[in-house]
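So the structure is just underneath, and the comments pick up after that.
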2 protein chains.
Amino acid sequence: MAQTSHDTSLDLTLDAAALTAQLVDFPSPSGEEKALADAIETALRRLPHLTVDRHGNNVVARTNLGRAERVILAGHIDTVPIADNVPSRLDEDGVLWGCGTCDMKSGVAIQLRIAQTVTEPNRDLTFVFYDNEEVAAHLNGLGHVAEAHPDWLAGDFAILLEPTDNQVEGGCQGTLRVHLKTKGTRAHSARAWMGSNAIHKAAPILAKLAAYEPRTPVVDGLQFHEGLNAVRVEGGVATNVIPDECTVVVNFRYAPDRSEDEALAFVRDYFADCEIDEFIVDDHTGGARPGLNHPAAAAFMAAVGGEAKPKFGWTDVARFSALGVPAVNYSPGDPLLAHKIDERVKVSLIPEAEKRLSDWLTS
Amino acid sequence: MAQTSHDTSLDLTLDAAALTAQLVDFPSPSGEEKALADAIETALRRLPHLTVDRHGNNVVARTNLGRAERVILAGHIDTVPIADNVPSRLDEDGVLWGCGTCDMKSGVAIQLRIAQTVTEPNRDLTFVFYDNEEVAAHLNGLGHVAEAHPDWLAGDFAILLEPTDNQVEGGCQGTLRVHLKTKGTRAHSARAWMGSNAIHKAAPILAKLAAYEPRTPVVDGLQFHEGLNAVRVEGGVATNVIPDECTVVVNFRYAPDRSEDEALAFVRDYFADCEIDEFIVDDHTGGARPGLNHPAAAAFMAAVGGEAKPKFGWTDVARFSALGVPAVNYSPGDPLLAHKIDERVKVSLIPEAEKRLSDWLTS
């Protein structure tokens, strides 16, 4: 890690592309965000139009202009582990390579540039920089701020600067993971009739999964696409033993018109006839409606142009949704490049996104 | 291990129960049979009516009296690993405890007693003592002798002194293990429709297994009982990934009226409609017919009394069967106690079995 060689202050007068490179060269894998949070806090405290708060390694800055609406621009400052892809490298085709270029230091650079340049926005602004997004949900800095200081996250509309290739992606689907266990009785496989085979008992579960037809509802104008899938199956004791247990791990990705309770009820009901011995909820986070019918969101869509798409994966927009703040994802990174060793971003897209946001917030 | 404390010679003049204890106190887990093979060879070479051969740690002794029939008494001299259950202990109820009491040093004691006492048998006798039965098939000493010296194993009928609770158990079922693999395409589980789920593709395999009805054919007068079972299932990459591979490991235990080719054809045919992407034969050993219709076997059954039962598990009788020698299992141990830490044998059963064999071979 190049912790000793980089400058530990940030220069918000750089253009967004150069600032992205500066942020990438400031390593901050999850759990090691303190130095970057310090630098962001220091840079923001120099801006007289902002008030700045900090909770752990989460920094929140706000304008307080008494505008009719408040918009939140949020981004996580951590990255996945560095894989010999820092410092950044700009190639001759205008592509910036390195850990976090796409997910999501290009987005963080845009936040910082807006904070620096849009001193008199037409809507009050809240900037949220948070840690530990790339690791377990209970560590997520946005979740910690929401719990400790929900008032810091008050607003009418939130933009999460997660990679979307400069297209607005609205809402997110919920995700439920359950373990469906069948039980049997062990026996030597030479005398199978002395036992009962738990793997065979899982046959109806797989049959139901294979027969599943996904629902594709339109929610707030965006078409979602549900999915019900086995993501793991395991059973077996030894090659000469009738197995007494089999587990099918099922992941249900569901559209944001279902509540968490409704999603769980659907899955329970869907497998009700399968004689499952244990039904264990392993993980569950609800989705978020796109909220594009909100006036601030509509104005944002009109400003950035293009057509909004649904976000199928789960993102932190759901945390804003839970706080009653409609939220979308928008930033230059290509979502398919996130977390890759060859992570990169086309630098021309960064000032383009910055300009669209800036225009919307000043026109 | 009590290797230093026991006497390294065997006393074949002891009764069969005392000789069993002496053998148990002579530790010989698989791979460490040399000292016991030496002791057996030395003891047998003292008997002038026998010729003795040795191959590795396998000892074969024969009478050569020109009788019309030749009977083989075979037993393995290795045990499973010792689990703090040696030396042996005789309790006040006449039960001898210790590693190998049941599987199968009580049987080996009977072989040695017959070798010592039946000096003029009515049928020529071959005694086979072999190593490495409790470990991988390719190490099995009986297999090595069959390959190197098939003439040493010539005979009309073989008795394998594996535990059967002094009941004749005839033949054995074959066992075939196959891996049935289905293939799909990985995708993020939030966009499942971009991939194809290999676990779902395994649904028809489990359905066929669950619907299987075992055949229970009567072969040479004994009723066998087939079985087709999943003994393992595994699939899954990560909890947010559509899995691209699933494997169901299936064990087919089949009656000895099917050849190996027929058993394999049955399994291929049974799953023919399941769209399996890879069908891998992992392990296959054929069964053995009981052979109880052979005159020597019929005479043996008449002598020992009781009703023969089928042997469901695979045993070394199949090796004799492959050499054209009908074979049965017969000895005092309770097969359900084999390989247990509390392995034991009721000592009164040992001379009883010895006497039945001896009477049959001298009457």
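Starting from 1 in every chain, residues are counted up; chains themselves are A, B, ... following the order of the structure tokens, and ligands are numbered from 1 as listed.
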
Per DSSP on the backbone, filter region 133-249 of chain A down to the residues in strand (DSSP E) and report them as JSON, numbers by chain.
{"A": [157, 158, 159, 160, 169, 170, 174, 175, 176, 177, 178, 179, 180, 181, 182, 183, 187, 188, 218, 219, 222, 223, 227, 228, 229, 230, 231, 232, 233, 234, 235, 236, 241, 242, 245, 246, 247, 248, 249]}

Generate a file of the selected residues that holds N, CA and C atoms, formatted as a CSV table (one decimal), in the first residue's frame.
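So again_14.csv came out as:
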chain,number,residue,atom,x,y,z
A,157,PHE,N,-34.9,13.7,-1.2
A,157,PHE,CA,-34.5,12.9,-2.4
A,157,PHE,C,-33.0,12.6,-2.2
A,158,ALA,N,-32.6,11.4,-2.4
A,158,ALA,CA,-31.2,11.0,-2.3
A,158,ALA,C,-30.6,10.4,-3.6
A,159,ILE,N,-29.4,10.8,-3.9
A,159,ILE,CA,-28.7,10.2,-5.0
A,159,ILE,C,-27.4,9.5,-4.4
A,160,LEU,N,-27.4,8.2,-4.7
A,160,LEU,CA,-26.3,7.4,-4.2
A,160,LEU,C,-25.4,7.3,-5.4
A,169,GLU,N,-30.5,4.6,-12.1
A,169,GLU,CA,-31.1,3.4,-11.7
A,169,GLU,C,-31.9,3.6,-10.5
A,170,GLY,N,-33.2,3.2,-10.5
A,170,GLY,CA,-34.1,3.5,-9.5
A,170,GLY,C,-34.4,2.3,-8.6
A,174,GLY,N,-35.4,-6.4,-3.1
A,174,GLY,CA,-35.1,-7.0,-1.8
A,174,GLY,C,-34.4,-8.4,-2.0
A,175,THR,N,-33.7,-8.8,-0.9
A,175,THR,CA,-33.1,-10.1,-1.0
A,175,THR,C,-33.3,-10.9,0.3
A,176,LEU,N,-33.8,-12.1,0.1
A,176,LEU,CA,-34.1,-13.0,1.2
A,176,LEU,C,-33.4,-14.3,1.0
A,177,ARG,N,-32.7,-14.8,2.0
A,177,ARG,CA,-32.0,-16.1,1.9
A,177,ARG,C,-32.5,-17.0,3.0
A,178,VAL,N,-33.0,-18.1,2.5
A,178,VAL,CA,-33.5,-19.1,3.5
A,178,VAL,C,-32.8,-20.5,3.3
A,179,HIS,N,-32.6,-21.2,4.4
A,179,HIS,CA,-32.1,-22.6,4.3
A,179,HIS,C,-33.3,-23.5,4.5
A,180,LEU,N,-33.5,-24.4,3.5
A,180,LEU,CA,-34.6,-25.3,3.5
A,180,LEU,C,-33.9,-26.7,3.8
A,181,LYS,N,-34.2,-27.2,5.0
A,181,LYS,CA,-33.6,-28.5,5.4
A,181,LYS,C,-34.6,-29.6,5.4
A,182,THR,N,-34.1,-30.8,4.9
A,182,THR,CA,-34.9,-32.0,5.0
A,182,THR,C,-34.1,-32.9,5.9
A,183,LYS,N,-34.8,-33.8,6.6
A,183,LYS,CA,-34.2,-34.7,7.5
A,183,LYS,C,-34.6,-36.1,7.2
A,187,ALA,N,-28.4,-44.8,7.5
A,187,ALA,CA,-28.3,-46.3,7.4
A,187,ALA,C,-27.1,-46.6,6.5
A,188,HIS,N,-26.6,-47.8,6.6
A,188,HIS,CA,-25.6,-48.2,5.6
A,188,HIS,C,-26.3,-48.3,4.2
A,218,VAL,N,-44.2,-3.8,-12.7
A,218,VAL,CA,-43.8,-2.4,-12.9
A,218,VAL,C,-44.1,-1.6,-11.6
A,219,VAL,N,-43.0,-1.0,-11.0
A,219,VAL,CA,-43.2,-0.3,-9.8
A,219,VAL,C,-42.7,1.1,-10.0
A,222,LEU,N,-40.9,1.6,-13.3
A,222,LEU,CA,-39.8,0.7,-13.7
A,222,LEU,C,-40.1,-0.7,-13.6
A,223,GLN,N,-39.7,-1.5,-14.6
A,223,GLN,CA,-40.0,-2.9,-14.5
A,223,GLN,C,-38.9,-3.7,-13.8
A,227,GLY,N,-36.5,-13.2,-8.8
A,227,GLY,CA,-35.8,-14.5,-9.1
A,227,GLY,C,-35.9,-15.3,-7.8
A,228,LEU,N,-36.0,-16.6,-8.0
A,228,LEU,CA,-36.1,-17.6,-6.9
A,228,LEU,C,-35.1,-18.7,-7.2
A,229,ASN,N,-34.0,-18.7,-6.5
A,229,ASN,CA,-32.9,-19.6,-7.0
A,229,ASN,C,-32.2,-20.4,-5.8
A,230,ALA,N,-31.9,-21.6,-6.1
A,230,ALA,CA,-31.0,-22.3,-5.2
A,230,ALA,C,-29.6,-21.8,-5.5
A,231,VAL,N,-28.9,-21.3,-4.4
A,231,VAL,CA,-27.6,-20.9,-4.6
A,231,VAL,C,-26.6,-21.9,-4.0
A,232,ARG,N,-27.1,-22.9,-3.2
A,232,ARG,CA,-26.3,-23.9,-2.7
A,232,ARG,C,-27.1,-25.1,-2.4
A,233,VAL,N,-26.6,-26.3,-2.5
A,233,VAL,CA,-27.3,-27.5,-2.0
A,233,VAL,C,-26.2,-28.4,-1.5
A,234,GLU,N,-26.5,-29.0,-0.3
A,234,GLU,CA,-25.5,-29.9,0.2
A,234,GLU,C,-26.1,-30.9,1.1
A,235,GLY,N,-25.6,-32.1,1.0
A,235,GLY,CA,-26.1,-33.2,1.8
A,235,GLY,C,-25.1,-34.4,1.6
A,236,GLY,N,-25.0,-35.3,2.6
A,236,GLY,CA,-24.2,-36.5,2.4
A,236,GLY,C,-23.2,-36.6,3.6
A,241,VAL,N,-23.3,-44.3,3.1
A,241,VAL,CA,-24.2,-43.9,4.2
A,241,VAL,C,-25.4,-43.2,3.6
A,242,ILE,N,-26.6,-43.6,4.0
A,242,ILE,CA,-27.8,-42.9,3.6
A,242,ILE,C,-27.9,-41.6,4.4
A,245,GLU,N,-29.5,-35.6,6.3
A,245,GLU,CA,-29.8,-34.2,6.3
A,245,GLU,C,-29.4,-33.7,4.9
A,246,CYS,N,-30.2,-32.8,4.4
A,246,CYS,CA,-29.9,-32.1,3.1
A,246,CYS,C,-30.4,-30.7,3.3
A,247,THR,N,-29.6,-29.7,2.8
A,247,THR,CA,-29.9,-28.3,2.9
A,247,THR,C,-29.9,-27.7,1.5
A,248,VAL,N,-31.0,-27.0,1.1
A,248,VAL,CA,-31.0,-26.2,-0.1
A,248,VAL,C,-31.1,-24.8,0.4
A,249,VAL,N,-30.1,-24.0,-0.1
A,249,VAL,CA,-30.1,-22.6,0.3
A,249,VAL,C,-30.7,-21.8,-0.9

Dump as a ChimeraX atom specification the residues of chain B that approach chain A to within 8 Å, counting only C-alpha atoms.
/B:173,189-193,197,199-204,206-207,209-210,225,227,229-243,249,251,253,312-314

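Atom pair CA of Gly98 (chain A) / CA of Pro332 (chain A): separated by 14.7 Å.
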
Can you tell me, as a PyMOL selection string, what residues are no more than 10 Å from region 128-143 of chain A when counting only C-alpha atoms, ignoring any on the same chain fewer than 2 positions away?
chain A and resi 28-34+36-37+40-41+53-62+72-81+103+108+111-112+125-126+145-150+152-153+160+285+315-316+319-320+339

For region 8-10 of chain B: contacts at 8 Å, only C-alpha atoms, fewer than 5 positions along chain excluded, given as an MDAnalysis selection string
chainID B and resid 19 22:23 26 35:36 39:40 42:43

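With only C-alpha atoms as the atoms that count, the residue of A:Val52, A:Ala302, A:Asp282, A:Gly287 with the shortest distance to Ser259 (chain A) is A:Gly287.
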
Apply DSSP to the structure's backbone, then extract all residues of region 147-268 of chain A labelled alpha helix (DSSP H) and return them as a PyMOL selection string.
chain A and resi 147-148+198-201+203-211+260-268

Could you save the residues just selected, with N, CA, C and O atoms, as a compact mmCIF listing (two decimals), in the first residue's frame?
# COMPACT_ATOMS: atom_id res chain seq x y z
N GLU A 147 -28.74 5.22 12.36
CA GLU A 147 -29.16 4.83 13.71
C GLU A 147 -28.84 5.92 14.74
O GLU A 147 -29.68 6.28 15.56
N ALA A 148 -27.62 6.47 14.65
CA ALA A 148 -27.17 7.43 15.67
C ALA A 148 -27.71 8.84 15.42
O ALA A 148 -28.02 9.57 16.36
N ALA A 198 -32.54 -38.18 3.14
CA ALA A 198 -32.89 -36.75 3.21
C ALA A 198 -32.68 -36.05 1.86
O ALA A 198 -33.37 -35.07 1.57
N ILE A 199 -31.72 -36.53 1.06
CA ILE A 199 -31.51 -35.90 -0.26
C ILE A 199 -32.73 -36.17 -1.16
O ILE A 199 -33.20 -35.28 -1.86
N HIS A 200 -33.23 -37.41 -1.10
CA HIS A 200 -34.43 -37.71 -1.90
C HIS A 200 -35.61 -36.84 -1.46
O HIS A 200 -36.42 -36.42 -2.28
N LYS A 201 -35.67 -36.55 -0.16
CA LYS A 201 -36.76 -35.72 0.35
C LYS A 201 -36.70 -34.29 -0.18
O LYS A 201 -37.67 -33.55 -0.12
N ALA A 203 -36.27 -33.56 -3.25
CA ALA A 203 -36.71 -33.56 -4.66
C ALA A 203 -37.83 -32.55 -4.92
O ALA A 203 -37.75 -31.78 -5.89
N PRO A 204 -38.87 -32.49 -4.07
CA PRO A 204 -39.94 -31.51 -4.37
C PRO A 204 -39.45 -30.07 -4.31
O PRO A 204 -39.98 -29.22 -5.04
N ILE A 205 -38.46 -29.78 -3.47
CA ILE A 205 -37.94 -28.41 -3.39
C ILE A 205 -37.30 -28.03 -4.73
O ILE A 205 -37.59 -26.97 -5.29
N LEU A 206 -36.44 -28.91 -5.24
CA LEU A 206 -35.80 -28.60 -6.53
C LEU A 206 -36.84 -28.54 -7.65
O LEU A 206 -36.73 -27.71 -8.57
N ALA A 207 -37.85 -29.39 -7.58
CA ALA A 207 -38.89 -29.37 -8.61
C ALA A 207 -39.63 -28.03 -8.61
O ALA A 207 -39.89 -27.44 -9.66
N LYS A 208 -39.94 -27.53 -7.41
CA LYS A 208 -40.62 -26.23 -7.31
C LYS A 208 -39.72 -25.11 -7.84
O LYS A 208 -40.17 -24.18 -8.50
N LEU A 209 -38.43 -25.18 -7.51
CA LEU A 209 -37.49 -24.16 -8.00
C LEU A 209 -37.41 -24.18 -9.52
O LEU A 209 -37.41 -23.14 -10.17
N ALA A 210 -37.33 -25.41 -10.07
CA ALA A 210 -37.21 -25.52 -11.53
C ALA A 210 -38.47 -25.01 -12.22
O ALA A 210 -38.40 -24.49 -13.34
N ALA A 211 -39.61 -25.13 -11.56
CA ALA A 211 -40.89 -24.73 -12.17
C ALA A 211 -41.22 -23.25 -11.94
O ALA A 211 -42.20 -22.74 -12.50
N GLU A 260 -41.06 -6.85 3.32
CA GLU A 260 -40.27 -7.99 3.79
C GLU A 260 -41.19 -9.13 4.25
O GLU A 260 -40.96 -10.30 3.95
N ASP A 261 -42.23 -8.79 5.00
CA ASP A 261 -43.16 -9.81 5.49
C ASP A 261 -43.84 -10.54 4.33
O ASP A 261 -43.99 -11.77 4.36
N GLU A 262 -44.21 -9.76 3.32
CA GLU A 262 -44.89 -10.38 2.18
C GLU A 262 -43.95 -11.31 1.41
O GLU A 262 -44.35 -12.38 0.95
N ALA A 263 -42.69 -10.89 1.30
CA ALA A 263 -41.72 -11.72 0.59
C ALA A 263 -41.50 -13.04 1.33
O ALA A 263 -41.47 -14.12 0.72
N LEU A 264 -41.37 -12.96 2.64
CA LEU A 264 -41.17 -14.17 3.43
C LEU A 264 -42.39 -15.07 3.35
O LEU A 264 -42.26 -16.30 3.19
N ALA A 265 -43.57 -14.47 3.41
CA ALA A 265 -44.80 -15.26 3.33
C ALA A 265 -44.89 -15.96 1.97
O ALA A 265 -45.29 -17.13 1.88
N PHE A 266 -44.47 -15.26 0.91
CA PHE A 266 -44.50 -15.87 -0.42
C PHE A 266 -43.64 -17.13 -0.45
O PHE A 266 -44.06 -18.18 -0.93
N VAL A 267 -42.41 -17.02 0.09
CA VAL A 267 -41.49 -18.16 0.03
C VAL A 267 -42.00 -19.32 0.89
O VAL A 267 -41.98 -20.48 0.48
N ARG A 268 -42.48 -19.00 2.08
CA ARG A 268 -43.04 -20.06 2.93
C ARG A 268 -44.17 -20.78 2.20
O ARG A 268 -44.25 -22.00 2.19

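Residues lying within 12 Å of Leu361 (chain B), counting only C-alpha atoms and ignoring same-chain neighbours fewer than 5 positions away, are Arg67, Glu69, Arg70, Val71, Ile72, Leu73, Ile114, Ala115, Thr117, Val118, Thr119, Glu120, Pro121, Asn122, Arg123, Asp124, Leu125, Ala296, Ala299, Phe300, Ala303, Val304, Glu354, Lys355 and Arg356 of chain B.
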